[in-house]
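The next block is work-v7.txt, given as compact mmCIF, C-alpha atoms.
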```
# COMPACT_ATOMS: atom_id res chain seq x y z
CA MET A 289 0.00 0.00 0.00
CA ILE A 290 1.49 3.31 -1.06
CA THR A 291 1.06 5.86 1.70
CA SER A 292 2.70 9.09 0.53
CA VAL A 293 5.20 10.84 -1.72
CA ASN A 294 8.48 12.08 -0.27
CA HIS A 295 10.55 12.86 -3.39
CA PHE A 296 9.84 14.08 -6.87
CA SER A 297 12.10 15.66 -9.45
CA ILE A 298 11.98 18.74 -11.59
CA PHE A 299 14.46 18.92 -14.45
CA VAL A 300 16.17 22.29 -14.51
CA LEU A 301 18.59 23.96 -16.89
CA ASN A 302 20.79 25.50 -14.22
CA GLN A 303 20.83 24.58 -10.53
CA ASP A 304 22.17 27.95 -9.32
CA SER A 305 19.39 29.77 -11.10
CA ALA A 306 16.83 27.18 -9.94
CA TYR A 307 18.04 27.65 -6.35
CA ASP A 308 17.41 31.37 -6.64
CA PHE A 309 13.97 30.82 -8.17
CA TYR A 310 12.68 28.18 -5.77
CA VAL A 311 14.27 29.54 -2.58
CA ASN A 312 14.36 33.30 -3.03
CA LYS A 313 11.26 33.78 -5.17
CA LEU A 314 8.91 30.93 -4.21
CA GLY A 315 10.12 30.79 -0.59
CA PHE A 316 10.94 27.07 -0.55
CA LYS A 317 13.45 25.75 2.00
CA VAL A 318 16.70 24.05 1.10
CA HIS A 319 16.63 20.48 2.39
CA THR A 320 19.87 19.04 0.99
CA ASP A 321 22.60 20.75 -0.97
CA ALA A 322 25.46 18.31 -1.41
CA SER A 323 28.44 18.62 -3.70
CA MET A 324 28.90 15.45 -5.74
CA GLY A 325 32.21 16.38 -7.27
CA PRO A 326 33.24 18.98 -9.81
CA GLY A 327 30.16 20.59 -11.37
CA LYS A 328 27.78 18.04 -9.82
CA ARG A 329 25.31 18.78 -7.10
CA TRP A 330 22.39 17.11 -5.35
CA LEU A 331 19.92 19.85 -4.53
CA THR A 332 16.52 19.37 -2.94
CA VAL A 333 14.03 21.90 -1.61
CA THR A 334 10.78 21.58 0.31
CA PRO A 335 7.59 23.64 0.20
CA PRO A 336 7.53 25.96 3.26
CA GLU A 337 4.85 24.00 5.09
CA GLN A 338 5.63 20.51 3.80
CA PRO A 339 9.13 19.71 5.11
CA ASP A 340 8.90 15.99 4.31
CA LEU A 341 8.41 16.43 0.57
CA GLU A 342 11.80 16.84 -1.11
CA ILE A 343 11.69 18.31 -4.59
CA THR A 344 14.87 17.45 -6.43
CA LEU A 345 16.11 20.21 -8.70
CA MET A 346 17.73 17.84 -11.15
CA ALA A 347 20.28 19.19 -13.60
CA ILE A 348 19.97 17.92 -17.15
CA ASP A 349 23.52 16.70 -17.53
CA GLU A 350 25.04 14.45 -20.11
CA GLY A 351 25.96 11.24 -18.31
CA MET A 352 24.34 8.03 -17.18
CA MET A 353 20.87 9.52 -17.05
CA PHE A 354 21.01 11.31 -20.40
CA LYS A 355 23.07 10.60 -23.50
CA LYS A 356 24.41 13.76 -25.17
CA GLU A 357 21.57 13.96 -27.72
CA SER A 358 18.93 13.15 -25.11
CA ALA A 359 20.23 15.87 -22.78
CA ALA A 360 20.09 18.42 -25.59
CA LYS A 361 16.58 17.32 -26.52
CA MET A 362 15.46 17.39 -22.90
CA ARG A 363 16.81 20.90 -22.41
CA GLU A 364 14.96 22.01 -25.51
CA LEU A 365 11.69 20.45 -24.31
CA VAL A 366 12.02 22.07 -20.87
CA MET A 367 12.77 25.47 -22.40
CA GLU A 368 9.75 25.14 -24.70
CA GLY A 369 7.49 24.72 -21.67
CA THR A 370 6.53 21.12 -22.44
CA PHE A 371 6.38 19.96 -18.83
CA GLY A 372 3.89 20.79 -16.11
CA PHE A 373 4.93 18.95 -12.99
CA ALA A 374 2.78 19.86 -10.04
CA VAL A 375 -0.06 21.76 -8.46
CA PHE A 376 1.04 24.03 -5.63
CA GLN A 377 -1.51 25.07 -3.05
CA CYS A 378 -1.83 28.43 -1.34
CA ASN A 379 -4.25 29.92 1.16
CA ASP A 380 -5.05 32.90 -1.00
CA LEU A 381 -4.32 32.94 -4.71
CA MET A 382 -4.56 36.68 -5.28
CA ALA A 383 -2.15 37.54 -2.47
CA THR A 384 0.32 34.87 -3.62
CA TYR A 385 -0.07 35.91 -7.26
CA GLU A 386 0.59 39.56 -6.42
CA GLU A 387 3.65 38.68 -4.36
CA LEU A 388 5.19 36.33 -6.93
CA LYS A 389 4.46 38.70 -9.79
CA GLY A 390 6.15 41.45 -7.81
CA LYS A 391 9.20 39.19 -7.49
CA GLY A 392 9.36 38.74 -11.24
CA VAL A 393 7.73 35.31 -11.57
CA ARG A 394 6.19 34.84 -15.04
CA PHE A 395 2.59 33.64 -15.33
CA LYS A 396 1.18 31.86 -18.35
CA LYS A 397 -2.36 31.98 -16.98
CA GLU A 398 -3.76 34.80 -14.88
CA PRO A 399 -5.87 33.87 -11.82
CA LYS A 400 -9.14 32.37 -12.99
CA LYS A 401 -12.07 30.74 -11.27
CA GLU A 402 -12.27 27.02 -12.02
CA PHE A 403 -14.69 24.43 -10.67
CA TYR A 404 -12.05 23.30 -8.14
CA GLY A 405 -11.04 26.77 -6.97
CA PHE A 406 -8.97 29.69 -8.22
CA GLU A 407 -5.99 28.87 -10.36
CA ALA A 408 -3.07 30.57 -12.05
CA LEU A 409 -0.18 28.99 -13.93
CA PHE A 410 3.38 30.15 -13.46
CA ILE A 411 6.64 29.25 -15.16
CA ASP A 412 9.93 28.55 -13.40
CA ASP A 413 13.29 29.90 -14.51
CA SER A 414 13.86 26.87 -16.77
CA GLY A 415 10.47 26.80 -18.51
CA ASN A 416 8.58 24.23 -16.41
CA TRP A 417 5.05 25.31 -15.60
CA PHE A 418 3.02 24.77 -12.44
CA SER A 419 -0.51 25.29 -11.29
CA LEU A 420 -0.94 27.58 -8.31
CA THR A 421 -4.30 26.89 -6.75
CA GLU A 422 -6.49 28.10 -3.96
CA LYS A 423 -8.95 25.32 -3.33
CA ALA A 424 -12.63 26.16 -3.40
CA ALA A 425 -14.24 26.00 0.03
CA ASN A 426 -16.34 22.99 -0.99
CA ASN A 427 -13.54 21.12 -2.77
CA MET B 1351 -11.71 36.45 -10.73
CA ALA B 1352 -14.22 39.21 -11.57
CA ALA B 1353 -15.33 39.30 -7.95
CA TYR B 1354 -11.70 39.67 -6.91
CA LEU B 1355 -10.80 42.57 -9.17
CA PRO B 1356 -12.05 45.45 -7.00
CA LYS B 1357 -10.15 43.96 -4.08
CA ILE B 1358 -6.75 43.85 -5.74
CA TYR B 1359 -5.65 47.01 -3.95
CA LEU B 1360 -6.36 45.23 -0.64
CA TYR B 1361 -4.23 42.25 -1.67
CA ARG B 1362 -1.41 44.54 -2.66
CA ARG B 1363 -1.47 46.12 0.80
CA ILE B 1364 -1.49 42.74 2.51
CA VAL B 1365 1.38 41.57 0.32
CA LEU B 1366 3.30 44.74 1.16
CA ALA B 1367 2.77 44.07 4.86
CA LYS B 1368 4.05 40.50 4.45
CA LEU B 1369 7.07 41.67 2.46
CA PHE B 1370 7.74 44.32 5.13
CA ILE B 1371 7.92 41.54 7.74
CA ASP B 1372 10.13 39.44 5.43
CA GLU B 1373 12.57 42.33 5.13
CA HIS B 1374 12.45 43.88 8.60
CA PHE B 1375 11.92 40.84 10.85
CA ALA B 1376 15.20 41.54 12.66
CA GLU B 1377 14.04 44.96 13.74
CA ASN B 1378 11.69 45.96 16.51
CA ILE B 1379 8.52 45.73 14.40
CA ASN B 1380 5.32 47.17 15.74
CA LEU B 1381 2.44 45.39 14.05
CA ASN B 1382 0.12 48.32 14.76
CA ASP B 1383 2.41 50.40 12.57
CA ILE B 1384 2.12 47.86 9.78
CA ALA B 1385 -1.67 47.93 10.01
CA GLY B 1386 -1.48 51.72 9.93
CA GLU B 1387 0.81 51.67 6.92
CA ALA B 1388 -1.68 49.46 5.12
CA PHE B 1389 -4.56 51.84 6.00
CA PHE B 1390 -6.56 49.13 7.74
CA SER B 1391 -8.01 48.90 11.16
CA LYS B 1392 -5.91 46.49 13.19
CA PHE B 1393 -8.75 43.96 13.34
CA HIS B 1394 -9.40 44.10 9.58
CA PHE B 1395 -5.68 43.83 8.88
CA ILE B 1396 -5.23 40.75 11.06
CA ARG B 1397 -8.28 39.06 9.52
CA LEU B 1398 -7.15 39.65 5.93
CA PHE B 1399 -3.55 38.71 6.70
CA LYS B 1400 -4.64 35.45 8.28
CA LYS B 1401 -6.88 34.63 5.32
CA ALA B 1402 -3.96 35.19 2.94
CA TYR B 1403 -1.20 33.45 4.87
CA GLY B 1404 -2.92 31.16 7.35
CA LYS B 1405 -1.27 32.95 10.29
CA THR B 1406 -1.79 36.20 12.14
CA PRO B 1407 0.89 38.84 11.43
CA HIS B 1408 2.43 38.15 14.84
CA GLN B 1409 2.51 34.39 14.24
CA TYR B 1410 4.01 35.00 10.81
CA LEU B 1411 6.67 37.32 12.23
CA THR B 1412 7.63 34.69 14.81
CA THR B 1413 7.80 32.00 12.11
CA VAL B 1414 10.06 34.16 9.92
CA ARG B 1415 12.34 34.85 12.89
CA ILE B 1416 12.58 31.17 13.80
CA GLU B 1417 13.21 30.11 10.18
CA ASN B 1418 15.99 32.68 9.88
CA ALA B 1419 17.43 31.58 13.21
CA LYS B 1420 17.55 28.01 11.83
CA LEU B 1421 19.56 29.24 8.86
CA ILE B 1422 22.04 31.19 11.00
CA LEU B 1423 22.39 28.26 13.39
CA GLN B 1424 23.87 26.29 10.51
CA THR B 1425 26.94 28.50 10.99
CA GLU B 1426 29.14 28.89 14.05
CA VAL B 1427 27.39 31.94 15.52
CA THR B 1428 26.64 31.99 19.25
CA ILE B 1429 23.05 31.40 20.38
CA THR B 1430 22.91 34.87 21.92
CA ASP B 1431 24.02 36.51 18.69
CA VAL B 1432 21.51 34.47 16.68
CA CYS B 1433 18.75 35.46 19.10
CA TYR B 1434 19.33 39.20 18.73
CA SER B 1435 20.16 39.06 15.03
CA VAL B 1436 16.69 37.75 14.17
CA GLY B 1437 14.81 40.24 16.34
CA PHE B 1438 14.13 38.48 19.65
CA ASP B 1439 14.74 40.59 22.72
CA GLY B 1440 15.85 37.84 25.08
CA VAL B 1441 17.56 34.45 24.92
CA SER B 1442 15.01 32.87 27.22
CA SER B 1443 11.98 33.70 25.05
CA PHE B 1444 13.97 32.81 21.93
CA THR B 1445 14.90 29.39 23.33
CA HIS B 1446 11.33 28.73 24.44
CA LEU B 1447 9.84 29.63 21.04
CA PHE B 1448 12.55 27.84 19.11
CA LYS B 1449 11.90 24.66 21.03
CA LYS B 1450 8.16 25.04 20.54
CA PHE B 1451 8.66 25.22 16.75
CA THR B 1452 11.45 22.69 16.23
CA LYS B 1453 11.28 20.41 19.30
CA LEU B 1454 14.96 21.18 19.86
CA THR B 1455 16.81 23.86 21.78
CA PRO B 1456 18.86 26.24 19.61
CA SER B 1457 22.11 24.68 20.80
CA ALA B 1458 20.88 21.13 20.12
CA TYR B 1459 19.71 22.22 16.67
CA GLN B 1460 23.07 23.85 15.97
CA GLN B 1461 24.88 20.69 17.02
CA GLN B 1462 22.57 18.53 14.88
CA GLN B 1463 23.24 20.75 11.85
CA ARG B 1464 26.98 20.74 12.51
CA ILE B 1465 27.01 16.92 12.45
CA ARG B 1466 24.79 16.82 9.35
CA LYS B 1467 27.09 19.22 7.49
CA ILE B 1468 30.20 17.17 8.30
CA GLU B 1469 28.43 13.94 7.34
CA MET B 1470 27.16 15.44 4.10
CA ALA B 1471 30.65 16.53 3.07
CA LYS B 1472 32.10 13.15 4.04
CA SER B 1473 29.40 10.80 2.76
CA PRO B 1474 26.96 12.66 0.50
CA LEU B 1475 25.43 9.41 -0.76
CA LYS B 1476 23.78 8.96 2.64
CA PHE B 1477 21.52 11.89 1.74
CA ILE B 1478 20.44 10.66 -1.69
CA PRO B 1479 17.98 7.86 -2.51
CA ASN B 1480 20.07 5.14 -4.12
CA CYS B 1481 17.89 4.92 -7.22
CA PHE B 1482 18.80 8.51 -8.09
CA ALA B 1483 22.47 8.07 -7.20
CA GLU B 1484 22.73 5.06 -9.49
CA GLN B 1485 21.03 6.90 -12.34
CA LYS B 1486 23.56 9.67 -11.94
CA GLY B 1487 26.49 7.25 -11.76
CA TRP B 1488 27.30 8.33 -8.22
CA VAL B 1489 28.63 5.20 -6.58
CA LYS B 1490 30.34 4.36 -3.31
CA LYS B 1491 34.11 4.71 -2.98
CA ARG B 1492 34.08 7.61 -5.41
CA ASN B 1493 35.72 10.85 -4.38
CA PHE B 1494 33.05 13.55 -4.31
CA LYS B 1495 35.33 16.31 -3.12
CA GLN B 1496 35.30 19.50 -5.14
CA VAL B 1497 38.45 20.35 -7.04
CA PRO B 1498 39.73 23.59 -5.45
```
Could you show the structure in this file as structure tokens?
Amino acid sequence: MITSVNHFSIFVLNQDSAYDFYVNKLGFKVHTDASMGPGKRWLTVTPPEQPDLEITLMAIDEGMMFKKESAAKMRELVMEGTFGFAVFQCNDLMATYEELKGKGVRFKKEPKKEFYGFEALFIDDSGNWFSLTEKAANN
Amino acid sequence: MAAYLPKIYLYRRIVLAKLFIDEHFAENINLNDIAGEAFFSKFHFIRLFKKAYGKTPHQYLTTVRIENAKLILQTEVTITDVCYSVGFDGVSSFTHLFKKFTKLTPSAYQQQQRIRKIEMAKSPLKFIPNCFAEQKGWVKKRNFKQVP
């Protein structure tokens, strides 16, 4: 029986830039930041109020995970905004939207009422998009 | 969204109040002043702030101070210096609140982080699920030290 999720990965173009985006703009906390040798790094962050969910900011490097051509293709797909990885929750969408917009976060969908609540879509520094949702009271 | 539009100016004020706390948490912040700055009555301000962030302004300020204390405690700064550098006015209240939030005293937390940091530098694979490490080609007995 699966009980919960404690890790998931987001593929990013640059871990330094992703660190700045997820920590300084979104307000996530650094969980683990370990050097794995020259130019390699294991970097995970957690949502501010969900310290047991590690989000791995995974660099798209040529190596065992990606062959050279695959890495190039993956980078291209991420940059094109192909991937939408998660739905982030907030207490109040408009306040969160205003704050993130003020910090320079790009939105591909402005806040809009949906049957499940209010939702906006934002894009990270690599090109990945995410739903930002305030759940409806009855949802 | 349409129902929200006339209220955007209220959200902007609430966001400004939150950002003010984020930036000035280390100072002697008077929350009445923040409510005044935002042109709300104190009651209205607290209600809207709590709706937006799930905490009263005072609870949020305390959380920001504790979270920043946790970051500073990852370095070799004394507990007293950490206490005052994040805006608490006494070590006793700082220690009490810190323990309430983290279940550890500041010194125990600092020691825990010190050990974690040393362990992470020495054996980083202990902090990575093996499935990911294998995918990345990070295997035991490899030297993970950075080239200076």
Legend entry - Sphere at (7.9, 34.0, -9.3), radius 8 Å, counting only C-alpha atoms: residues as a PyMOL selection string: chain A and resi 309+313-314+388-394+410-412
Legend entry - Between CA of Thr370 in chain A and CA of Glu337 in chain A, distance in Å (one decimal):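 CA of Thr370 in chain A sits 27.7 Å away from CA of Glu337 in chain A.
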Legend entry - Distance query Leu1369 in chain B at most 9 Å, only C-alpha atoms, self and fewer than 5 positions along chain excluded, as a list in words: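 Answer for this query is Glu387 of chain A; Ile1364 and His1374 of chain B.
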Legend entry - Who sits within 9 Å of range 1467-1470 of chain B, only C-alpha atoms, same chain under 6 positions skipped, as a ChimeraX atom specification: /A:320-323 /B:1424,1476-1477
May I have the protein, DNA and RNA residues with an atom at most 7 Å from (6.0, 24.7, -15.2), counting only C-alpha atoms in the file's coordinates, returned as a short mmCIF file (atom, residue, chain, number, x, y, z; two decimals) with C-alpha atoms, in the coordinates of the input?
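Listing of out_8.cif after writing:
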```
data_model
loop_
_atom_site.label_atom_id
_atom_site.label_comp_id
_atom_site.auth_asym_id
_atom_site.auth_seq_id
_atom_site.Cartn_x
_atom_site.Cartn_y
_atom_site.Cartn_z
CA GLY A 369 7.49 24.72 -21.67
CA PHE A 371 6.38 19.96 -18.83
CA GLY A 372 3.89 20.79 -16.11
CA PHE A 373 4.93 18.95 -12.99
CA PHE A 410 3.38 30.15 -13.46
CA ILE A 411 6.64 29.25 -15.16
CA ASP A 412 9.93 28.55 -13.40
CA GLY A 415 10.47 26.80 -18.51
CA ASN A 416 8.58 24.23 -16.41
CA TRP A 417 5.05 25.31 -15.60
CA PHE A 418 3.02 24.77 -12.44
#
```
Legend entry - Distance of CA of Thr1406 in chain B from CA of Ala425 in chain A, expressed in Å to one decimal place: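 Those two atoms sit 20.1 Å apart.
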Using all atoms listed in the file, I'd like a table of the residues in chain A that come within 10 Å of chain B; for each, show the closest atom pair and its distance in Å rounded to one decimal, ordered by chain and ascending number, as a Markdown table.
```
| residue | atom | partner | partner_atom | distance |
| --- | --- | --- | --- | --- |
| A:His295 | CA | B:Pro1479 | CA | 9.0 |
| A:Ser297 | CA | B:Phe1482 | CA | 9.9 |
| A:Lys317 | CA | B:Glu1417 | CA | 9.3 |
| A:Val318 | CA | B:Leu1421 | CA | 9.8 |
| A:His319 | CA | B:Phe1477 | CA | 9.9 |
| A:Thr320 | CA | B:Phe1477 | CA | 7.4 |
| A:Asp321 | CA | B:Met1470 | CA | 8.6 |
| A:Ala322 | CA | B:Pro1474 | CA | 6.1 |
| A:Ser323 | CA | B:Phe1494 | CA | 6.9 |
| A:Met324 | CA | B:Phe1494 | CA | 4.8 |
| A:Gly325 | CA | B:Phe1494 | CA | 4.2 |
| A:Pro326 | CA | B:Gln1496 | CA | 5.1 |
| A:Gly327 | CA | B:Gln1496 | CA | 8.1 |
| A:Lys328 | CA | B:Phe1494 | CA | 8.8 |
| A:Arg329 | CA | B:Phe1494 | CA | 9.7 |
| A:Trp330 | CA | B:Ile1478 | CA | 7.7 |
| A:Leu331 | CA | B:Ile1478 | CA | 9.6 |
| A:Thr332 | CA | B:Ile1478 | CA | 9.6 |
| A:Pro336 | CA | B:Glu1417 | CA | 9.9 |
| A:Thr344 | CA | B:Phe1482 | CA | 9.9 |
| A:Met346 | CA | B:Phe1482 | CA | 9.9 |
| A:Asp349 | CA | B:Lys1486 | CA | 9.0 |
| A:Glu350 | CA | B:Lys1486 | CA | 9.6 |
| A:Gly351 | CA | B:Lys1486 | CA | 7.0 |
| A:Met352 | CA | B:Lys1486 | CA | 5.5 |
| A:Met353 | CA | B:Gln1485 | CA | 5.4 |
| A:Phe354 | CA | B:Lys1486 | CA | 9.0 |
| A:Cys378 | CA | B:Tyr1403 | CA | 8.0 |
| A:Asn379 | CA | B:Ala1402 | CA | 5.6 |
| A:Asp380 | CA | B:Ala1402 | CA | 4.7 |
| A:Leu381 | CA | B:Ala1402 | CA | 8.0 |
| A:Met382 | CA | B:Tyr1361 | CA | 6.6 |
| A:Ala383 | CA | B:Tyr1361 | CA | 5.2 |
| A:Thr384 | CA | B:Ala1402 | CA | 7.8 |
| A:Tyr385 | CA | B:Tyr1361 | CA | 9.4 |
| A:Glu386 | CA | B:Arg1362 | CA | 6.6 |
| A:Glu387 | CA | B:Val1365 | CA | 6.0 |
| A:Leu388 | CA | B:Val1365 | CA | 9.7 |
| A:Gly390 | CA | B:Val1365 | CA | 9.4 |
| A:Glu398 | CA | B:Met1351 | CA | 9.1 |
| A:Pro399 | CA | B:Met1351 | CA | 6.5 |
| A:Lys400 | CA | B:Met1351 | CA | 5.3 |
| A:Lys401 | CA | B:Met1351 | CA | 5.7 |
| A:Glu402 | CA | B:Met1351 | CA | 9.5 |
| A:Phe406 | CA | B:Met1351 | CA | 7.7 |
| A:Glu407 | CA | B:Met1351 | CA | 9.5 |
```
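The spacing separating CA of Val300 in chain A from CA of Lys356 in chain A amounts to 15.9 Å.
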Legend entry - Closest of A:Asn312, A:Ser419, A:Asn302, A:Asn294 to Pro339 in chain A - atom-to-atom distances counting all atoms listed in the file: A:Asn294
Inset, instruction - Could you tell me which of B:Ser1391, B:Asn1418, B:Asn1380, B:Thr1425 comes closest to Gln1463 in chain B if we count all atoms listed in the file? - result: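 Of B:Ser1391, B:Asn1418, B:Asn1380, B:Thr1425, the one nearest Gln1463 in chain B, counting all atoms listed in the file, is B:Thr1425.
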Inset, instruction - For Ser414 in chain A, please output as a list in words all residues within 7 Å (counting all atoms listed in the file; exclusion window: fewer than 3 positions along the same chain). - result: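 Here the qualifying residues turn out to be Val300, Leu301, Val366 and Met367 of chain A.
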Inset, instruction - Could you tell me which of A:Val293, A:Val311, A:Leu365, A:Ala360 comes closest to Thr334 in chain A if we count all atoms listed in the file? - result: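 Ranking A:Val293, A:Val311, A:Leu365, A:Ala360 by distance to Thr334 in chain A, first place goes to A:Val311.
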